[in-house]
Amino acid sequence: MPKNRPMTENPAPLSPLPPGSTIGILGSGQLGRMLALAAANLGFRTHIFSPDGFPDGSSGHSPAGQVAHAETVAAYDDLEAIARFGDTVDVATYEFENVPAETAAELARHTRLFPAARALDVAQDRLTEKTFLTSIGQMTAPFKPVDTLEDLGAAASEIGLPAVLKTRRLGYDGKGQMIIRTESELEDACTAMKGAPSILEGFIPFDCEISVIAARAHTGATITWTPGENIHRDHILSATIVPARVSDKTIAAARAAAENILTELGYVGVIGIEFFVMKDETILINEIAPRVHNSGHWTEAACTISQFEQHIRAICGWPLIPPGRHSDAIMYNLIGPDIEKWPKIAEMEDVLLTLYGKTEARAGRKMAHATRLFAKGSLHSKDDLPLTL
Ligand code: AMP
């Protein structure tokens with residue numbers, strides 16, 4: 001395979017990468033772990049790039065490193081290590097969207113990287129993301145860039161209060177954001193951002209939150225899974241109900257939006273797209289994640305193909321296959337001390353339990369998930385679903 005190629009945005013379609021090839025994965029958490037396991041099922045080897053080694057720096061500590069064929073332990077900004085890593089793999093991907101731009105560029109000089117750098121550019125910065133989405137005809141909350149208190153005052157007058165102030169970069173699970181309800185809170189909110197470039201978004205009184213997991217192949221073929229309905233606790237995803245309890249019209253609109261985004265990005269791989277659904281059935285995109293997504297974990301239990309295997313297929317130039325959903329499902333995240341329930345969950349006959357191999361159950365840390373299966377078509381009209389296990 002050619003090395004030290006110039007970085008290209010959309011490399012020519014691959015012929016299918018044969019089993020036995022090596023897939024590089026940047027990031028070593030549970031998403032990397034599940035990608036590595038899916039890759040192994042298709043006969044691939046995986047090499048993880050992880051900043052998280054044993055205290056002596058050795059490999060095999062991280063959730064992904066425990067199940068991969070090789071793991072490089074180095075910092076993401078160690079470009080020499082990235083170059084060496086890139087030279088050992090046949091294709092590379094990532095499990096998180098905050099891959100530094102220089103790291104992605106260096107990796108793409110040494111191997112093929114999917115999804116390509118454009119997806120990272122768009123997803124890393126909430127302003128770029130929302131500007132891109134509106135430019136392709138998708139709807140989002142109203143938004144304005146904010147760098148100073150003056151900008152914030154002007155944005156608040158234009159958008160109205162309440163509104164949500166978010167850092168443009170590096171926010172997730174509600175981190176780096178706050179609700180502003182009255183003008184008297186503007187100054188404190190601005191101070192709390194500590195000068196980080198931000199955006200103000202209109203506060204959306206949504207009816208529910210849904211997400212679509214979708215994939216695009218090198219050929220341009222796309223597939224979407226049916227949307228799931230997401231329930232959050234303390235800003236962290238707590239459960240995903242599949243299918244989302246929304247109208248067929250909303251389901252079709254969300255799937256069409258996902259296809260539009262994949263096509264406009266020239267994307268290769270799996271993407272997660274989060275939406276707010278309004279009472280009048282309007283859908284607004286909250287954010288896009290250029291990777292496999294927590295709200296897609298149910299696919300491994302309720303479908304013939306998981307989001308992880310579909311991602312591996314896409315980046316390796318294999319054909320995508322239809323989701324083949326055979327059941328309704330509720331996926332529960334086990335967060336922090338929830339993990340203590342594993343012996344009880346392990347006894348449940350209709351539940352698939354997946355543990356991430358993490359030893360320390362810190363508050364807010366995703367430790368495992370469990371997907372409970374239900375007969376297909378049985379969840380749609382229910383409003384008293386069990387939202388914890
Ligand atoms: P985010 O980090 O942008 O995904 O936001 C985390 C959660 O905060 C979302 O899942 C929503 O529940 C809530 N949220 C974010 N932005 C808004 C908004 N503009 N209006 C209302 N709720 C929001």
# chains A, B, ... in the order shown; residues from 1 in each chain; ligands from 1
>>> residues_near_ligand(ligand="ligand 1", cutoff="8 Å", atoms="only C-alpha atoms and all ligand atoms", output="list in words")
Ala141, Ala163, Val164, Lys166, Gly171, Tyr172, Asp173, Gly174, Lys175, Gly176, Gln177, Glu201, Gly202, Phe203, Ile204, Pro205, Phe206, Glu209, His232, His235, Ile236, Leu237, Glu274, Phe276, Asn286 and Glu287 of chain A
>>> select_by_dssp(residues="region 214-280 of chain A", states="strand (DSSP E)", output="list of chain:residue names")
A:Ala214, A:Ala215, A:Arg216, A:Thr222, A:Ile223, A:Thr224, A:Gly228, A:Glu229, A:Asn230, A:Ile231, A:His232, A:Arg233, A:Ile236, A:Leu237, A:Ser238, A:Ala239, A:Thr240, A:Ile241, A:Val242, A:Gly269, A:Val270, A:Ile271, A:Gly272, A:Ile273, A:Glu274, A:Phe275, A:Phe276, A:Val277
>>> write_last_selection(atoms="N, CA and C atoms", output="mmCIF file, in the first residue's frame")
data_model
loop_
_atom_site.group_PDB
_atom_site.id
_atom_site.type_symbol
_atom_site.label_atom_id
_atom_site.label_comp_id
_atom_site.auth_asym_id
_atom_site.auth_seq_id
_atom_site.Cartn_x
_atom_site.Cartn_y
_atom_site.Cartn_z
ATOM 1 N N ALA A 214 -26.594 6.346 10.781
ATOM 2 C CA ALA A 214 -26.629 6.145 9.333
ATOM 3 C C ALA A 214 -25.214 5.842 8.855
ATOM 4 N N ALA A 215 -25.117 5.301 7.651
ATOM 5 C CA ALA A 215 -23.796 4.968 7.111
ATOM 6 C C ALA A 215 -23.763 5.264 5.624
ATOM 7 N N ARG A 216 -22.562 5.597 5.150
ATOM 8 C CA ARG A 216 -22.370 5.790 3.708
ATOM 9 C C ARG A 216 -21.111 5.043 3.285
ATOM 10 N N THR A 222 -26.118 4.743 0.776
ATOM 11 C CA THR A 222 -26.346 5.070 2.196
ATOM 12 C C THR A 222 -27.366 4.103 2.787
ATOM 13 N N ILE A 223 -27.275 3.894 4.087
ATOM 14 C CA ILE A 223 -28.333 3.191 4.815
ATOM 15 C C ILE A 223 -28.582 3.974 6.103
ATOM 16 N N THR A 224 -29.827 3.930 6.581
ATOM 17 C CA THR A 224 -30.149 4.570 7.864
ATOM 18 C C THR A 224 -30.877 3.546 8.726
ATOM 19 N N GLY A 228 -33.989 6.371 17.046
ATOM 20 C CA GLY A 228 -34.238 6.017 18.443
ATOM 21 C C GLY A 228 -34.599 7.281 19.208
ATOM 22 N N GLU A 229 -35.310 7.094 20.303
ATOM 23 C CA GLU A 229 -35.707 8.234 21.149
ATOM 24 C C GLU A 229 -34.784 8.258 22.360
ATOM 25 N N ASN A 230 -34.176 9.401 22.610
ATOM 26 C CA ASN A 230 -33.137 9.466 23.639
ATOM 27 C C ASN A 230 -33.627 10.139 24.913
ATOM 28 N N ILE A 231 -33.369 9.472 26.029
ATOM 29 C CA ILE A 231 -33.738 9.989 27.346
ATOM 30 C C ILE A 231 -32.432 10.325 28.066
ATOM 31 N N HIS A 232 -32.328 11.572 28.546
ATOM 32 C CA HIS A 232 -31.099 11.981 29.238
ATOM 33 C C HIS A 232 -31.332 12.106 30.739
ATOM 34 N N ARG A 233 -30.291 11.807 31.497
ATOM 35 C CA ARG A 233 -30.296 12.055 32.942
ATOM 36 C C ARG A 233 -29.009 12.823 33.240
ATOM 37 N N ILE A 236 -26.561 13.322 30.457
ATOM 38 C CA ILE A 236 -25.892 12.166 29.843
ATOM 39 C C ILE A 236 -26.972 11.224 29.328
ATOM 40 N N LEU A 237 -26.727 10.620 28.164
ATOM 41 C CA LEU A 237 -27.708 9.677 27.619
ATOM 42 C C LEU A 237 -27.935 8.561 28.631
ATOM 43 N N SER A 238 -29.207 8.350 28.955
ATOM 44 C CA SER A 238 -29.542 7.329 29.939
ATOM 45 C C SER A 238 -30.178 6.115 29.262
ATOM 46 N N ALA A 239 -31.068 6.371 28.292
ATOM 47 C CA ALA A 239 -31.716 5.257 27.593
ATOM 48 C C ALA A 239 -32.079 5.682 26.176
ATOM 49 N N THR A 240 -32.096 4.706 25.275
ATOM 50 C CA THR A 240 -32.583 4.932 23.904
ATOM 51 C C THR A 240 -33.689 3.923 23.622
ATOM 52 N N ILE A 241 -34.847 4.452 23.201
ATOM 53 C CA ILE A 241 -36.014 3.611 22.912
ATOM 54 C C ILE A 241 -36.133 3.482 21.389
ATOM 55 N N VAL A 242 -36.270 2.255 20.915
ATOM 56 C CA VAL A 242 -36.333 2.039 19.468
ATOM 57 C C VAL A 242 -37.556 1.208 19.103
ATOM 58 N N GLY A 269 -18.458 5.935 6.293
ATOM 59 C CA GLY A 269 -18.500 5.398 7.655
ATOM 60 C C GLY A 269 -19.865 5.614 8.275
ATOM 61 N N VAL A 270 -19.920 5.388 9.584
ATOM 62 C CA VAL A 270 -21.172 5.570 10.341
ATOM 63 C C VAL A 270 -21.166 6.941 10.998
ATOM 64 N N ILE A 271 -22.345 7.552 11.048
ATOM 65 C CA ILE A 271 -22.507 8.872 11.670
ATOM 66 C C ILE A 271 -23.691 8.802 12.636
ATOM 67 N N GLY A 272 -23.655 9.615 13.688
ATOM 68 C CA GLY A 272 -24.808 9.733 14.596
ATOM 69 C C GLY A 272 -25.323 11.168 14.524
ATOM 70 N N ILE A 273 -26.624 11.328 14.325
ATOM 71 C CA ILE A 273 -27.200 12.674 14.169
ATOM 72 C C ILE A 273 -28.326 12.839 15.182
ATOM 73 N N GLU A 274 -28.211 13.878 16.018
ATOM 74 C CA GLU A 274 -29.198 14.104 17.078
ATOM 75 C C GLU A 274 -30.161 15.211 16.677
ATOM 76 N N PHE A 275 -31.442 14.959 16.928
ATOM 77 C CA PHE A 275 -32.488 15.916 16.556
ATOM 78 C C PHE A 275 -33.339 16.277 17.763
ATOM 79 N N PHE A 276 -33.873 17.502 17.747
ATOM 80 C CA PHE A 276 -34.973 17.884 18.630
ATOM 81 C C PHE A 276 -36.254 17.749 17.810
ATOM 82 N N VAL A 277 -37.289 17.139 18.385
ATOM 83 C CA VAL A 277 -38.583 17.044 17.693
ATOM 84 C C VAL A 277 -39.565 17.965 18.409
#
>>> closest_residue(among="A:Gly24, A:Pro243, A:Pro16, A:Gly60", to="Trp318 (chain A)", atoms="only C-alpha atoms")
A:Pro16
>>> residues_around(residues="Thr93 (chain A)", least_positions_apart="4", cutoff="6 Å", atoms="only C-alpha atoms", output="PyMOL selection string")
chain A and resi 25+113-114
>>> closest_residue(among="A:Leu35, A:Ile82, A:Ala217, A:Val89", to="Leu320 (chain A)", atoms="only C-alpha atoms")
A:Ala217
>>> closest_residue(among="A:Lys144, A:Leu186, A:Thr46, A:Glu150", to="Pro162 (chain A)", atoms="only C-alpha atoms")
A:Leu186
>>> select_by_dssp(residues="region 175-313 of chain A", states="alpha helix (DSSP H)", output="count of residues only")
36
>>> atom_distance(atom1="CA of Phe49 (chain A)", atom2="CA of Arg118 (chain A)")
20.8 Å
>>> closest_residue(among="A:Ile339, A:Ala244, A:Val351, A:Leu262", to="Lys382 (chain A)", atoms="only C-alpha atoms")
A:Ala244
>>> residues_around(residues="Asp207 (chain A)", least_positions_apart="4", cutoff="10 Å", atoms="only C-alpha atoms", output="ChimeraX atom specification")
/A:246,276-281
>>> residues_around(residues="Phe132 (chain A)", least_positions_apart="2", cutoff="10 Å", atoms="only C-alpha atoms", output="list in words")
Val122, Ala123, Arg126, Leu127, Thr128, Glu129, Lys130, Thr134, Ser135, Ile136, Gly137, Gln138, Ile261, Glu264 and Leu265 of chain A
>>> decode(residues="region 148-179 of chain A", atoms="N, CA and C atoms", output="compact mmCIF listing (two decimals), in the first residue's frame")
# COMPACT_ATOMS: atom_id res chain seq x y z
N THR A 148 -17.60 38.05 22.82
CA THR A 148 -17.48 39.08 23.86
C THR A 148 -18.85 39.28 24.52
N LEU A 149 -18.84 40.03 25.62
CA LEU A 149 -20.11 40.33 26.31
C LEU A 149 -21.03 41.15 25.39
N GLU A 150 -20.40 42.00 24.59
CA GLU A 150 -21.18 42.80 23.64
C GLU A 150 -21.90 41.88 22.63
N ASP A 151 -21.15 40.93 22.08
CA ASP A 151 -21.76 39.95 21.14
C ASP A 151 -22.91 39.23 21.83
N LEU A 152 -22.68 38.86 23.10
CA LEU A 152 -23.69 38.07 23.81
C LEU A 152 -24.97 38.87 23.98
N GLY A 153 -24.82 40.15 24.34
CA GLY A 153 -25.99 41.01 24.50
C GLY A 153 -26.76 41.12 23.18
N ALA A 154 -26.01 41.32 22.08
CA ALA A 154 -26.65 41.49 20.78
C ALA A 154 -27.34 40.18 20.36
N ALA A 155 -26.65 39.05 20.60
CA ALA A 155 -27.22 37.75 20.21
C ALA A 155 -28.48 37.46 21.03
N ALA A 156 -28.44 37.81 22.33
CA ALA A 156 -29.60 37.54 23.19
C ALA A 156 -30.79 38.39 22.75
N SER A 157 -30.54 39.64 22.34
CA SER A 157 -31.67 40.48 21.88
C SER A 157 -32.25 39.89 20.61
N GLU A 158 -31.37 39.38 19.73
CA GLU A 158 -31.88 38.88 18.46
C GLU A 158 -32.60 37.52 18.61
N ILE A 159 -31.98 36.62 19.38
CA ILE A 159 -32.54 35.26 19.50
C ILE A 159 -33.64 35.22 20.55
N GLY A 160 -33.50 36.04 21.58
CA GLY A 160 -34.47 36.03 22.69
C GLY A 160 -34.01 35.08 23.79
N LEU A 161 -34.56 35.26 24.98
CA LEU A 161 -34.24 34.41 26.13
C LEU A 161 -35.49 33.62 26.51
N PRO A 162 -35.36 32.41 27.08
CA PRO A 162 -34.09 31.75 27.41
C PRO A 162 -33.32 31.32 26.16
N ALA A 163 -32.01 31.16 26.39
CA ALA A 163 -31.14 30.70 25.32
C ALA A 163 -30.01 29.87 25.97
N VAL A 164 -29.28 29.16 25.13
CA VAL A 164 -28.22 28.29 25.66
C VAL A 164 -26.89 28.78 25.10
N LEU A 165 -25.96 29.09 26.01
CA LEU A 165 -24.61 29.52 25.61
C LEU A 165 -23.72 28.28 25.64
N LYS A 166 -23.05 28.00 24.51
CA LYS A 166 -22.20 26.81 24.43
C LYS A 166 -20.83 27.18 23.89
N THR A 167 -19.78 26.52 24.40
CA THR A 167 -18.48 26.71 23.77
C THR A 167 -18.55 26.11 22.36
N ARG A 168 -17.81 26.74 21.43
CA ARG A 168 -17.85 26.20 20.06
C ARG A 168 -17.19 24.83 19.99
N ARG A 169 -16.15 24.65 20.80
CA ARG A 169 -15.39 23.39 20.73
C ARG A 169 -15.41 22.63 22.05
N LEU A 170 -15.19 21.33 21.97
CA LEU A 170 -14.91 20.47 23.13
C LEU A 170 -16.02 20.38 24.17
N GLY A 171 -17.25 20.65 23.79
CA GLY A 171 -18.34 20.43 24.75
C GLY A 171 -19.01 19.10 24.45
N TYR A 172 -19.37 18.34 25.45
CA TYR A 172 -20.17 17.12 25.24
C TYR A 172 -20.89 16.82 26.54
N ASP A 173 -21.95 15.99 26.45
CA ASP A 173 -22.73 15.62 27.63
C ASP A 173 -23.07 16.84 28.49
N GLY A 174 -23.42 17.96 27.86
CA GLY A 174 -23.83 19.15 28.60
C GLY A 174 -22.68 19.96 29.18
N LYS A 175 -21.41 19.49 28.93
CA LYS A 175 -20.26 20.26 29.45
C LYS A 175 -20.04 21.46 28.53
N GLY A 176 -19.56 22.56 29.13
CA GLY A 176 -19.28 23.76 28.33
C GLY A 176 -20.54 24.43 27.84
N GLN A 177 -21.64 24.30 28.58
CA GLN A 177 -22.86 25.03 28.17
C GLN A 177 -23.71 25.43 29.36
N MET A 178 -24.47 26.50 29.18
CA MET A 178 -25.36 26.94 30.27
C MET A 178 -26.58 27.64 29.70
N ILE A 179 -27.66 27.53 30.44
CA ILE A 179 -28.89 28.19 30.02
C ILE A 179 -28.89 29.60 30.60
